[in-house]
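S.K.: Dumping the structure here so I can ask a few things about it.
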Amino acid sequence: MSVSNITIIMRKRLNDYVAWSIRTTSLGKRAHPSAGWLFAAGCALLAASSAVAETPLRVRGVVVKLEAGSLTIKQQNGQVIRLATSSDTSYAFVVPSSLEAIKADDFVGTAVKVSDDSMMAVEVALIPEDMRSGRISLYDWDPLPDPTDAHASTTPTKMINGLVSKTSSPGAALTNTKMVNGIVSEAMHSTSGRILEVSYDGGRKSFLIGVPDSAPIVRYVLADRMALELGSAVMIKTNPGNQASLVTIGKGVRPPM
């Protein structure tokens, strides 16, 4: 029986108990001594089933088990999670790239930290044509290692994906990010690295994003399930119900983002 079905059954039984308790109290009767224990147990089971049902939107870690229809990941925080796979699950390698490889009309996904109305890239990923479907412009992302300050405290970040109009140091402090997806309309050099102008919405919206020399630059390459091995470093986008949607596999680099 699935976790969702167990949750539905437990919630129904708990609701039935509450209704019975109200009727009993209204009639001046005392509940059975075990009723309180049953109520507490029901609440605990519901809480546990809800917690199990919650899957992170993105899972980062190492593959520790491969089975038909599933893979098990040891996450960066040490917790282990099992994700279901299907014919709808996509796979892609993440390989090293460079600032020099980014040019106008490339499509990029960029995790950026935002401060004082400026954007600084934490990571940049070059995205091929066949992986752009469904990506949107600017949205909140996850805390990621800050390549510009290995000793700073945690701050917020965003991810930017777009056409371009290294890998982070594992000891770097985390920073909050946003994600920007878009097309690089122009790439310019500066004293501190490179500046990308990334646009989306048909060019009606654009951002200037600074890319420091220390920022990881990677490229996605479509693959299949055969690319997965025990010990593979992965970043997995999930769907509800512990379903793996996109599995990105590090090849020569630990998957960023």
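Residue numbering restarts at 1 in every chain; chains get A, B, ... in the order shown in the structure tokens, and ligands count up from 1 in that same order.
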Determine, for each residue of region 119-151 of chain A having at least one atom at most 12 Å from an atom of region 92-103 of chain A, the closest pair of atoms and their separation in Å to one decimal, counting only C-alpha atoms; order by chain and ascending number, as a Markdown table.
M.R.:
```
| residue | atom | partner | partner_atom | distance |
| --- | --- | --- | --- | --- |
| A:Ala121 | CA | A:Leu99 | CA | 11.6 |
| A:Glu123 | CA | A:Leu99 | CA | 10.9 |
| A:Val124 | CA | A:Leu99 | CA | 8.9 |
| A:Ala125 | CA | A:Ser97 | CA | 8.4 |
| A:Leu126 | CA | A:Ile102 | CA | 7.7 |
| A:Ile127 | CA | A:Val94 | CA | 10.0 |
| A:Pro128 | CA | A:Ala92 | CA | 10.6 |
| A:Asp130 | CA | A:Ala92 | CA | 11.1 |
| A:Met131 | CA | A:Ala92 | CA | 9.3 |
```
S.K.: As a list in words, please: the residues near Leu144 (chain A) (cut-off 8 Å, only C-alpha atoms, same-chain neighbours under 6 positions excluded).
M.R.: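 Skipping anything fewer than 6 positions along the chain leaves Val122, Thr157, Ala173, Leu174, Thr175, Asn176, Thr177 and Met257 of chain A.
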S.K.: Per DSSP on the backbone, what are the strand (DSSP E) residues of region 91-256 of chain A, as an NGL selection string?
M.R.: :A and (91-96 or 107-115 or 118-126 or 138-140 or 144-145 or 155-156 or 158-163 or 174-176 or 178-190 or 193-200 or 205-212 or 217-223 or 233-239 or 243-250)
S.K.: Nearest to Gln79 (chain A): which of A:Gly193, A:Gly231, A:Pro56, A:Gly202 is it, counting only C-alpha atoms?
M.R.: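 Under the stated criterion, the closest residue is A:Pro56.
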S.K.: Between A:Phe107, A:Tyr200, A:Phe207, A:Tyr91, which one has atoms that come closest to Glu129 (chain A), using only C-alpha atoms?
M.R.: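 The shortest atom-to-atom distance to Glu129 (chain A) comes from A:Phe107.
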S.K.: Would you kindly return, as a compact mmCIF listing (two decimals) with N, CA, C and O atoms, in the first residue's frame, each protein, DNA or RNA residue with an atom no farther than 12 Å from any atom of Gln75 (chain A), considering only C-alpha atoms and excluding same-chain residues fewer than 6 positions away?
M.R.:
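Final output, selection-v1.txt:
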```txt
# COMPACT_ATOMS: atom_id res chain seq x y z
N PRO A 56 12.15 16.13 -1.54
CA PRO A 56 12.76 17.40 -1.94
C PRO A 56 12.58 17.63 -3.44
O PRO A 56 12.55 16.69 -4.23
N ARG A 58 14.73 18.92 -5.32
CA ARG A 58 16.00 18.56 -5.93
C ARG A 58 16.81 17.75 -4.92
O ARG A 58 16.95 18.16 -3.76
N VAL A 59 17.33 16.63 -5.36
CA VAL A 59 18.10 15.74 -4.50
C VAL A 59 19.54 15.72 -5.00
O VAL A 59 19.79 15.46 -6.18
N ARG A 60 20.48 15.98 -4.10
CA ARG A 60 21.90 15.98 -4.45
C ARG A 60 22.63 14.94 -3.59
O ARG A 60 22.42 14.89 -2.39
N GLY A 61 23.45 14.14 -4.23
CA GLY A 61 24.17 13.13 -3.46
C GLY A 61 24.86 12.13 -4.34
O GLY A 61 25.26 12.43 -5.47
N VAL A 62 24.99 10.88 -3.81
CA VAL A 62 25.71 9.81 -4.50
C VAL A 62 24.81 8.59 -4.60
O VAL A 62 24.09 8.24 -3.66
N VAL A 63 24.85 7.90 -5.75
CA VAL A 63 24.05 6.69 -5.95
C VAL A 63 24.65 5.55 -5.13
O VAL A 63 25.83 5.21 -5.26
N VAL A 64 23.82 4.95 -4.25
CA VAL A 64 24.29 3.83 -3.43
C VAL A 64 23.59 2.53 -3.77
O VAL A 64 24.01 1.46 -3.32
N ILE A 81 17.60 8.36 0.46
CA ILE A 81 16.27 8.46 -0.13
C ILE A 81 16.19 7.56 -1.36
O ILE A 81 17.15 7.44 -2.13
N ARG A 82 15.05 6.88 -1.51
CA ARG A 82 14.81 6.01 -2.66
C ARG A 82 13.83 6.70 -3.60
O ARG A 82 12.74 7.10 -3.18
N LEU A 83 14.20 6.82 -4.86
CA LEU A 83 13.37 7.49 -5.86
C LEU A 83 12.95 6.50 -6.93
O LEU A 83 13.76 5.67 -7.38
N GLY A 231 28.03 4.96 -6.96
CA GLY A 231 29.04 5.98 -6.65
C GLY A 231 28.94 7.21 -7.51
O GLY A 231 29.66 8.19 -7.28
N SER A 232 28.04 7.20 -8.51
CA SER A 232 27.87 8.39 -9.36
C SER A 232 27.37 9.57 -8.53
O SER A 232 26.45 9.43 -7.73
N ALA A 233 27.98 10.74 -8.72
CA ALA A 233 27.49 11.96 -8.09
C ALA A 233 26.36 12.50 -8.95
O ALA A 233 26.51 12.64 -10.17
N VAL A 234 25.22 12.77 -8.33
CA VAL A 234 24.03 13.16 -9.10
C VAL A 234 23.32 14.36 -8.48
O VAL A 234 23.46 14.64 -7.29
N MET A 235 22.57 15.05 -9.31
CA MET A 235 21.59 16.04 -8.87
C MET A 235 20.31 15.66 -9.60
O MET A 235 20.28 15.56 -10.82
N ILE A 236 19.24 15.41 -8.84
CA ILE A 236 18.01 14.88 -9.42
C ILE A 236 16.85 15.82 -9.16
O ILE A 236 16.58 16.19 -8.01
```
S.K.: Which one is closest to Ala215 (chain A): A:Met120, A:Ala244, A:Val253, A:Leu138? Count only C-alpha atoms.
M.R.: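 Using only C-alpha atoms, Ala215 (chain A) sits closest to A:Met120.
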S.K.: Calculate how many Å separate CA of Met179 (chain A) from CA of Ser137 (chain A), rounding to one decimal.
M.R.: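 We find that CA of Met179 (chain A) and CA of Ser137 (chain A) lie 7.7 Å from each other.
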S.K.: Just give me the gap between CA of Leu57 (chain A) and CA of Val198 (chain A) in Å, one decimal is fine.
M.R.: 25.0 Å
S.K.: Would you pick out the contacts of Glu197 (chain A) at 8 Å or less, using only C-alpha atoms, so that residues sharing its chain but fewer than 5 positions from it are not included, and give the list as a PyMOL selection string?
M.R.: chain A and resi 164-165+184-187+206-209
S.K.: Include C-alpha atoms and write out the residues we just selected as a PDB file, in the first residue's frame.
M.R.:
```pdb
ATOM      1  CA  VAL A 164      24.037  33.261 -23.357  1.00  0.00           C
ATOM      2  CA  SER A 165      23.188  36.462 -24.568  1.00  0.00           C
ATOM      3  CA  VAL A 184      22.922  34.997 -24.127  1.00  0.00           C
ATOM      4  CA  SER A 185      22.539  38.079 -26.227  1.00  0.00           C
ATOM      5  CA  GLU A 186      26.022  39.414 -25.488  1.00  0.00           C
ATOM      6  CA  ALA A 187      29.166  38.368 -23.638  1.00  0.00           C
ATOM      7  CA  SER A 206      17.170  40.828 -19.819  1.00  0.00           C
ATOM      8  CA  PHE A 207      19.735  40.728 -17.012  1.00  0.00           C
ATOM      9  CA  LEU A 208      23.401  41.615 -16.792  1.00  0.00           C
ATOM     10  CA  ILE A 209      25.142  38.818 -14.901  1.00  0.00           C
TER      11      ILE A 209
END
```
